[in-house]
Structure formats: C-alpha cells, structure tokens
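Q: Below you will find the structure I want to go over with you.
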Amino acid sequence: MKEYFNNSQLKKIHEDAKVHESAFIDNFSVIGKGVEIEKNVYISSGVKIYGKALIQENAYIGENCIIGHPIREHLQQLIREKIPAHDSEGALVNIGKRCVIRAGTILYSGTSIGNDSQTGHHVLIRENTQIDEKSLIGTKTVIDGKTSIAAGANIQTGVYIPLNCKIGENVFMGPHSCETNDKYMARKDQELRGPVIGDNVSLGANSVLLPGIYLAKGTMVGAGSVVTKDTEENDIVRGNPAQFLRKKPKNWK
C-alpha cells in the first residue's frame, strides 16, 4: 500500500493498482487492488474504488462515490475474514471514456457504464447492470441490478428500476416512473420478471409498469398511468389501468 501525504491529508493507492501519471486523485480517496485508472481521469475527494475496476480515460468521479461495492456474498466474506476493503476484488466494474459519475453515486461490482454516459447525484446501481453509451441516469435513481439499458437512455430524477429489466435504445423515463418485477408482492420462491421496454419508448412522470409486461417500440405512456398489459408498436396509452388512446403520429420522434 502506497501512502501520499498532502497538507496532512491522506489518500491510499494499493500497490497492485495501475494509475496513469496524468490522472488526478484527490485527498481522502482509496484506490483498491486490481483497479486501473487511465489517462486524464479525475477522482474527487472521498472516493472509494474497490477492485476490480477500470476507469477509462477522461472520466470524472465525483465526491464520495463508491465504485465496485461488494455484493452480499462478497461482503459477508469480507466481514467473516476481516479482509481490508482495499484488498478485496469483485466482478469488474467498467466506467467508459468521458463518463461523469456525480457525487454520492454507488456502483456495485459487475456494473458497466458505456462511453459518454453520466449519472446525477446519489444514484444507486446494483450488481451486473449493463448501461450502454450516451445514457443519462438521473439524480436519486435506483437500479436494483441484473438489468440491461441500451444506448441513449434518458432516465430522469427518482426513477426505480427493479431486478431483471431490459430497456431498449433511446428510452425516456420521466421523473419518478416506477417499474415492478414482483407479481405477488411477497417473499416467495418465484421468478422476478421486470418489464421489457422496446426502443424509443417514453414513460411519463409517475407512471408505473407492472411485472413482465412488454412495451413495444415507440410506445408512449401518459403521466401517472398504470400499465398492466403489453402494448403494440407506437401505441399511446394512458390512465389507471392504462388504455389505448391512439397511435403516435408518424412525424413524432
């Protein structure tokens, strides 16, 4: 473990970490075993990066972020064996080129975020989530893991995405929209199936999608609607339960 002092403030970089000479790491940060930080990366104060992680060039990590947080089983091992956090290695976290990860964000191990993507403040993204390039994940959004989000997503403030969702390209999810994956709302031995959302779907603010439904390409969901069944391509639906209103005009993107 290497220790660097600056005005009596401490940061820690594991001896097995690889940090490009042009990268900046602010005080009170911890860089763990197996972490690789490429050129021109900016790591703000108070950041903790568990191994393994790859932070690609020109990425920005804001204050007090946690990158590579251990999953439950790994965390139990750390506690049981009293392994220092900086010596632990989980599944690879990959943060792409020019990404902006804003203050307070927590990314669990196995998360991947594509080039030119960004998060708002205090975002939580659980393990094994794949987010493709040029995506926006809004402030205080929660993604509970094992979810894929294709390129160009625009996910607004306070959205909730549960386990096992699939989200297509250029999807817009309005503030506080909510997807669900538990049909029976209880702890039982049953499959959790989140919605499947096609390309170019738009969800209004505070809309709710029930478990396992399929929103076809181009679907638009009105604000506050509760969607209980599948849609067809370019449907506009609204209400509780959501009902078909009309087809999306061809000149609407």
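Naming works like this for the structure tokens: A, B, ... for the chains as they're shown, residue 1 at the start of each chain, ligands 1 onward in shown order.
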As a PyMOL selection string, please: all residues of stretch 1-244 of chain A that backbone DSSP puts in helix (DSSP H, G or I).
A: chain A and resi 72-81+85-87
Q: Go through stretch 112-156 of chain A and flag each residue having an atom no more than 7 Å from stretch 162-181 of chain A; for those, report the closest pair of atoms plus their distance in Å to one decimal, using only C-alpha atoms, ordered by chain and rising number, as JSON lines.
A:
```
{"residue": "A:Ile143", "atom": "CA", "partner": "A:Pro162", "partner_atom": "CA", "distance": 6.0}
{"residue": "A:Asp144", "atom": "CA", "partner": "A:Pro162", "partner_atom": "CA", "distance": 4.8}
{"residue": "A:Gly145", "atom": "CA", "partner": "A:Leu163", "partner_atom": "CA", "distance": 5.1}
{"residue": "A:Lys146", "atom": "CA", "partner": "A:Asn164", "partner_atom": "CA", "distance": 5.2}
{"residue": "A:Thr147", "atom": "CA", "partner": "A:Cys165", "partner_atom": "CA", "distance": 4.8}
{"residue": "A:Ser148", "atom": "CA", "partner": "A:Lys166", "partner_atom": "CA", "distance": 5.1}
{"residue": "A:Ile149", "atom": "CA", "partner": "A:Ile167", "partner_atom": "CA", "distance": 4.7}
{"residue": "A:Ala150", "atom": "CA", "partner": "A:Glu169", "partner_atom": "CA", "distance": 4.7}
{"residue": "A:Ala151", "atom": "CA", "partner": "A:Glu169", "partner_atom": "CA", "distance": 5.1}
{"residue": "A:Gly152", "atom": "CA", "partner": "A:Asn170", "partner_atom": "CA", "distance": 4.5}
{"residue": "A:Ala153", "atom": "CA", "partner": "A:Asn170", "partner_atom": "CA", "distance": 4.8}
{"residue": "A:Asn154", "atom": "CA", "partner": "A:Phe172", "partner_atom": "CA", "distance": 4.8}
{"residue": "A:Ile155", "atom": "CA", "partner": "A:Met173", "partner_atom": "CA", "distance": 4.8}
{"residue": "A:Gln156", "atom": "CA", "partner": "A:Pro175", "partner_atom": "CA", "distance": 4.9}
```
Q: Out of A:Ser29, A:Ser88, A:Asn64, A:Asn58, which residue has the shortest atom-to-atom distance to A:Gln76 when counting only C-alpha atoms?
A: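 When distances to A:Gln76 are compared using only C-alpha atoms, the smallest one comes from A:Ser88.
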Q: Would you mind listing what lies within 12 Å of stretch 32-42 of chain A as a PDB file with C-alpha atoms, in the first residue's frame, with only C-alpha atoms counted and same-chain residues fewer than 6 positions away left out?
A:
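New file part_29.pdb:
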```
ATOM      1  CA  MET A   1       0.000   0.000   0.000  1.00  0.00           C
ATOM      2  CA  LYS A   2       1.389   3.393  -1.029  1.00  0.00           C
ATOM      3  CA  LYS A  11      -5.054   9.032   0.245  1.00  0.00           C
ATOM      4  CA  LYS A  12      -4.337   5.359  -0.340  1.00  0.00           C
ATOM      5  CA  ILE A  13      -3.444   3.600  -3.571  1.00  0.00           C
ATOM      6  CA  HIS A  14      -2.951  -0.161  -3.492  1.00  0.00           C
ATOM      7  CA  GLU A  15       0.413  -1.349  -4.739  1.00  0.00           C
ATOM      8  CA  ASP A  16      -1.328  -3.538  -7.326  1.00  0.00           C
ATOM      9  CA  ALA A  17      -3.405  -0.673  -8.716  1.00  0.00           C
ATOM     10  CA  LYS A  18      -2.414   0.929 -12.024  1.00  0.00           C
ATOM     11  CA  VAL A  19      -2.812   4.694 -12.160  1.00  0.00           C
ATOM     12  CA  HIS A  20      -1.780   6.699 -15.217  1.00  0.00           C
ATOM     13  CA  GLU A  21       0.600   9.532 -14.398  1.00  0.00           C
ATOM     14  CA  SER A  22      -1.804  12.112 -15.838  1.00  0.00           C
ATOM     15  CA  ALA A  23      -4.708  11.007 -13.620  1.00  0.00           C
ATOM     16  CA  PHE A  24      -5.673  13.171 -10.631  1.00  0.00           C
ATOM     17  CA  ILE A  25      -6.675  11.608  -7.323  1.00  0.00           C
ATOM     18  CA  ASP A  26      -7.854  13.969  -4.593  1.00  0.00           C
ATOM     19  CA  LYS A  48     -13.542   4.575  -2.664  1.00  0.00           C
ATOM     20  CA  ILE A  49     -12.844   2.237  -5.565  1.00  0.00           C
ATOM     21  CA  TYR A  50     -12.837  -1.490  -4.825  1.00  0.00           C
ATOM     22  CA  GLY A  51     -11.088  -3.929  -7.150  1.00  0.00           C
ATOM     23  CA  LYS A  52     -11.510  -4.874  -9.862  1.00  0.00           C
ATOM     24  CA  ALA A  53     -12.377  -1.697 -11.717  1.00  0.00           C
ATOM     25  CA  LEU A  54     -11.421   0.011 -14.953  1.00  0.00           C
ATOM     26  CA  ILE A  55     -11.901   3.781 -15.118  1.00  0.00           C
ATOM     27  CA  GLN A  56     -11.323   4.772 -18.714  1.00  0.00           C
ATOM     28  CA  GLU A  57      -9.709   7.961 -19.978  1.00  0.00           C
ATOM     29  CA  ASN A  58     -11.179  11.394 -19.299  1.00  0.00           C
ATOM     30  CA  ALA A  59     -13.783  10.055 -16.878  1.00  0.00           C
ATOM     31  CA  TYR A  60     -14.822  12.088 -13.823  1.00  0.00           C
ATOM     32  CA  ILE A  61     -15.757  10.536 -10.474  1.00  0.00           C
ATOM     33  CA  GLY A  62     -17.419  12.972  -8.060  1.00  0.00           C
ATOM     34  CA  GLU A  63     -17.050  13.360  -4.315  1.00  0.00           C
ATOM     35  CA  ILE A  66     -18.256   4.182  -4.088  1.00  0.00           C
ATOM     36  CA  ILE A  67     -17.209   2.170  -7.122  1.00  0.00           C
ATOM     37  CA  GLY A  68     -17.353  -1.638  -7.019  1.00  0.00           C
ATOM     38  CA  HIS A  69     -19.314  -2.014  -3.784  1.00  0.00           C
ATOM     39  CA  ILE A  83     -10.303  -8.509   4.682  1.00  0.00           C
ATOM     40  CA  PRO A  84      -9.479  -4.803   4.314  1.00  0.00           C
ATOM     41  CA  ALA A  85     -11.685  -3.179   1.705  1.00  0.00           C
ATOM     42  CA  HIS A  86      -8.723  -2.076  -0.395  1.00  0.00           C
ATOM     43  CA  ASP A  87      -7.573  -5.721  -0.689  1.00  0.00           C
ATOM     44  CA  SER A  88     -10.893  -7.062  -1.958  1.00  0.00           C
ATOM     45  CA  GLU A  89     -11.665  -7.879  -5.588  1.00  0.00           C
ATOM     46  CA  GLY A  90     -15.128  -8.448  -7.017  1.00  0.00           C
ATOM     47  CA  ALA A  91     -16.501  -8.632 -10.541  1.00  0.00           C
ATOM     48  CA  LEU A  92     -15.101  -5.976 -12.875  1.00  0.00           C
ATOM     49  CA  VAL A  93     -16.634  -2.501 -12.882  1.00  0.00           C
ATOM     50  CA  ASN A  94     -16.112  -0.728 -16.198  1.00  0.00           C
ATOM     51  CA  ILE A  95     -16.642   3.018 -16.485  1.00  0.00           C
ATOM     52  CA  GLY A  96     -16.255   4.218 -20.061  1.00  0.00           C
ATOM     53  CA  LYS A  97     -14.459   7.128 -21.641  1.00  0.00           C
ATOM     54  CA  ARG A  98     -15.625  10.652 -20.755  1.00  0.00           C
ATOM     55  CA  CYS A  99     -18.216   9.398 -18.279  1.00  0.00           C
ATOM     56  CA  VAL A 100     -19.357  11.713 -15.491  1.00  0.00           C
ATOM     57  CA  ILE A 101     -20.263   9.967 -12.232  1.00  0.00           C
ATOM     58  CA  ARG A 102     -21.598  12.644  -9.897  1.00  0.00           C
TER      59      ARG A 102
END
```
Q: Once DSSP has gone over the backbone, tell me which residues of stretch 25-233 of chain A are in strand (DSSP E), as number ranges by chain.
A: A: 25, 30-31, 35-37, 42-43, 48-49, 51-55, 60-61, 66-69, 89-95, 100-101, 106-108, 112-113, 118-119, 124-125, 130-131, 136-137, 142-143, 148-149, 154-155, 160-161, 166-167, 172-173, 178-179, 196-197, 202-203, 208-209, 214-215, 220-221, 226-227
Q: I want to know what sits within 6 Å of A:Pro70, based on only C-alpha atoms, with residues of the same chain fewer than 2 positions away left out; could you give that as a PyMOL selection string?
A: chain A and resi 74-75+109
Q: List the spatial neighbours of A:Gln243 as a ChimeraX atom specification - criterion: any atom at most 12 Å away, only C-alpha atoms, same-chain residues fewer than 2 positions off excluded.
A: /A:220-222,225-232,235-241,245-247
Q: What's the 7 Å shell around A:Arg193, counting only C-alpha atoms, without same-chain residues fewer than 2 positions away, as a PyMOL selection string?
A: chain A and resi 164+181-182+191+195+211-212
Q: Go ahead and compute the interatomic distance for atom CA of A:Leu136 and atom CA of A:Val196, in Å to one decimal.
A: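 Atom-to-atom, atom CA of A:Leu136 to atom CA of A:Val196, that is 18.8 Å.
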Q: One decimal, Å: what's the distance from atom CA of A:Tyr184 over to atom CA of A:Ile197, could you say?
A: 21.1 Å
